[in-house]
file entry-v2.pdb (PDB, C-alpha atoms)
ATOM      1  CA  MET A   1     -43.435   8.643 -87.919
ATOM      2  CA  ARG A   2     -41.243   5.531 -87.886
ATOM      3  CA  GLN A   3     -42.802   4.367 -84.607
ATOM      4  CA  TRP A   4     -46.317   4.974 -85.921
ATOM      5  CA  ALA A   5     -45.688   3.055 -89.164
ATOM      6  CA  GLY A   6     -44.198   0.151 -87.245
ATOM      7  CA  SER A   7     -47.093   0.027 -84.777
ATOM      8  CA  ARG A   8     -49.739  -0.615 -87.459
ATOM      9  CA  SER A   9     -51.197  -4.096 -87.697
ATOM     10  CA  PRO A  10     -49.754  -5.334 -89.938
ATOM     11  CA  ALA A  11     -46.772  -2.998 -89.695
ATOM     12  CA  LEU A  12     -45.929  -0.772 -92.643
ATOM     13  CA  GLN A  13     -42.515  -1.624 -94.072
ATOM     14  CA  PRO A  14     -39.905   1.054 -94.803
ATOM     15  CA  THR A  15     -39.036   1.499 -98.477
ATOM     16  CA  LYS A  16     -36.778   4.546 -97.988
ATOM     17  CA  THR A  17     -35.221   5.615 -94.726
ATOM     18  CA  GLU A  18     -34.008   9.161 -94.147
ATOM     19  CA  LEU A  19     -33.013   9.811 -97.759
ATOM     20  CA  ALA A  20     -31.226  13.194 -97.663
ATOM     21  CA  ALA A  21     -31.164  15.913-100.304
ATOM     22  CA  THR A  22     -29.245  19.113 -99.644
ATOM     23  CA  GLY A  23     -29.135  22.387-101.525
ATOM     24  CA  PRO A  24     -27.780  25.856-100.758
ATOM     25  CA  LEU A  25     -31.008  26.860 -98.943
ATOM     26  CA  TYR A  26     -32.438  23.617 -97.595
ATOM     27  CA  ARG A  27     -31.901  20.139 -96.190
ATOM     28  CA  LEU A  28     -34.724  17.750 -97.060
ATOM     29  CA  THR A  29     -34.993  14.340 -95.394
ATOM     30  CA  THR A  30     -37.527  11.856 -96.774
ATOM     31  CA  SER A  31     -38.723   8.465 -95.551
ATOM     32  CA  ALA A  32     -41.391   6.186 -97.053
ATOM     33  CA  TRP A  33     -43.362   3.142 -95.907
ATOM     34  CA  GLU A  34     -45.885   0.840 -97.505
ATOM     35  CA  GLY A  35     -48.040  -2.086 -96.577
ATOM     36  CA  VAL A  36     -51.304  -3.931 -97.018
ATOM     37  CA  THR A  37     -54.300  -2.991 -94.868
ATOM     38  CA  ASP A  38     -57.861  -4.270 -94.714
ATOM     39  CA  CYS A  39     -58.819  -1.381 -97.026
ATOM     40  CA  GLY A  40     -56.050  -1.947 -99.598
ATOM     41  CA  ASN A  41     -52.420  -0.991-100.220
ATOM     42  CA  LEU A  42     -51.248   1.991 -98.167
ATOM     43  CA  ALA A  43     -48.180   4.125 -98.910
ATOM     44  CA  LEU A  44     -46.826   7.034 -96.824
ATOM     45  CA  VAL A  45     -44.090   9.528 -97.668
ATOM     46  CA  TYR A  46     -42.816  11.865 -94.925
ATOM     47  CA  SER A  47     -40.475  14.751 -95.808
ATOM     48  CA  GLU A  48     -38.906  17.158 -93.329
ATOM     49  CA  ASP A  49     -37.538  20.508 -94.523
ATOM     50  CA  LYS A  50     -34.746  22.237 -92.568
ATOM     51  CA  THR A  51     -32.180  24.951 -93.201
ATOM     52  CA  PRO A  52     -28.672  23.811 -94.204
ATOM     53  CA  GLU A  53     -27.733  24.229 -90.514
ATOM     54  CA  GLY A  54     -30.524  21.834 -89.461
ATOM     55  CA  LYS A  55     -32.847  24.490 -88.012
ATOM     56  CA  PRO A  56     -36.579  24.799 -88.756
ATOM     57  CA  VAL A  57     -37.320  26.729 -91.962
ATOM     58  CA  ALA A  58     -40.384  28.452 -90.468
ATOM     59  CA  GLY A  59     -38.878  30.238 -87.458
ATOM     60  CA  ASN A  60     -39.468  27.994 -84.449
ATOM     61  CA  LEU A  61     -41.766  25.609 -86.327
ATOM     62  CA  ASP A  62     -40.710  22.464 -88.151
ATOM     63  CA  GLN A  63     -42.083  22.073 -91.666
ATOM     64  CA  VAL A  64     -43.039  18.626 -92.940
ATOM     65  CA  THR A  65     -45.002  17.182 -95.818
ATOM     66  CA  LEU A  66     -46.958  13.959 -95.403
ATOM     67  CA  THR A  67     -48.325  12.247 -98.500
ATOM     68  CA  VAL A  68     -50.673   9.298 -98.133
ATOM     69  CA  ALA A  69     -51.919   7.061-100.947
ATOM     70  CA  LEU A  70     -54.454   4.249-100.638
ATOM     71  CA  THR A  71     -55.108   1.831-103.479
ATOM     72  CA  PRO A  72     -58.419   0.175-102.560
ATOM     73  CA  ALA A  73     -58.582  -3.587-102.275
ATOM     74  CA  THR A  74     -60.479  -5.282-105.072
ATOM     75  CA  SER A  75     -63.167  -7.825-104.317
TER      76      SER A  75
END

call {"tool": "encode", "arguments": {"input": "entry-v2.pdb", "output": "structure tokens"}}
result
Amino acid sequence: MRQWAGSRSPALQPTKTELAATGPLYRLTTSAWEGVTDCGNLALVYSEDKTPEGKPVAGNLDQVTLTVALTPATS
């Protein structure tokens, strides 16, 4: 996701990088980017959920959440 955000034109800037939260049953890592596009302000939040040992929570599949918000440009 970091490479994708950086390859935009203009590049999205990181606001949080690999912020970790750990509990007895999970390890959540979250990163966020934002930037201005032709359509308006764009924000992305990417969270990856793993077991405390760093393994995928869904068997052999990684589980992630991607949240995207676009605030339209005003004329």

call {"tool": "residues_around", "arguments": {"input": "entry-v2.pdb", "residues": "Pro10 in chain A", "least_positions_apart": "2", "cutoff": "9 Å", "atoms": "only C-alpha atoms", "output": "list in words"}}
result
Gly6, Ser7, Arg8, Leu12, Gly35, Val36 and Thr37 of chain A

call {"tool": "closest_residue", "arguments": {"input": "entry-v2.pdb", "among": "A:Thr22, A:Pro72, A:Arg2, A:Asp62", "to": "Glu48 in chain A", "atoms": "all atoms listed in the file"}}
result
A:Asp62

call {"tool": "closest_residue", "arguments": {"input": "entry-v2.pdb", "among": "A:Thr65, A:Gly23, A:Gly40, A:Thr71", "to": "Glu53 in chain A", "atoms": "only C-alpha atoms"}}
result
A:Gly23

call {"tool": "closest_residue", "arguments": {"input": "entry-v2.pdb", "among": "A:Lys55, A:Asp38, A:Trp33, A:Leu28", "to": "Gln3 in chain A", "atoms": "only C-alpha atoms"}}
result
A:Trp33

call {"tool": "resolve_selection", "arguments": {"input": "entry-v2.pdb", "expression": "the PyMOL selection byres ((chain A and resi 14) around 6)", "output": "list in words"}}
result
Gln13, Thr15, Lys16, Ala32 and Trp33 of chain A

call {"tool": "residues_near_point", "arguments": {"input": "entry-v2.pdb", "point": "(-47.4, 3.5, -100.1)", "cutoff": "8 Å", "atoms": "only C-alpha atoms", "output": "VMD selection string"}}
result
chain A and resid 32 to 35 41 to 45 68 to 70

call {"tool": "residues_around", "arguments": {"input": "entry-v2.pdb", "residues": "Ala58 in chain A", "least_positions_apart": "6", "cutoff": "12 Å", "atoms": "only C-alpha atoms", "output": "list in words"}}
result
Tyr26, Glu48, Asp49, Lys50, Thr51 and Val64 of chain A

call {"tool": "atom_distance", "arguments": {"input": "entry-v2.pdb", "atom1": "CA of Ala11 in chain A", "atom2": "CA of Pro56 in chain A"}}
result
29.6 Å

call {"tool": "axis_aligned_box", "arguments": {"input": "entry-v2.pdb", "around": "range 63-66 of chain A", "padding_each_side": "6 Å", "output": "lines of an AutoDock Vina configuration file"}}
result
center_x = -44.5
center_y = 18.0
center_z = -93.7
size_x = 16.9
size_y = 20.1
size_z = 16.2

call {"tool": "closest_residue", "arguments": {"input": "entry-v2.pdb", "among": "A:Val57, A:Gln63, A:Ser47, A:Trp4", "to": "Leu19 in chain A", "atoms": "only C-alpha atoms"}}
result
A:Ser47

call {"tool": "atom_distance", "arguments": {"input": "entry-v2.pdb", "atom1": "CA of Pro24 in chain A", "atom2": "CA of Met1 in chain A"}}
result
26.6 Å

call {"tool": "atom_distance", "arguments": {"input": "entry-v2.pdb", "atom1": "CA of Ser9 in chain A", "atom2": "CA of Thr30 in chain A"}}
result
22.9 Å
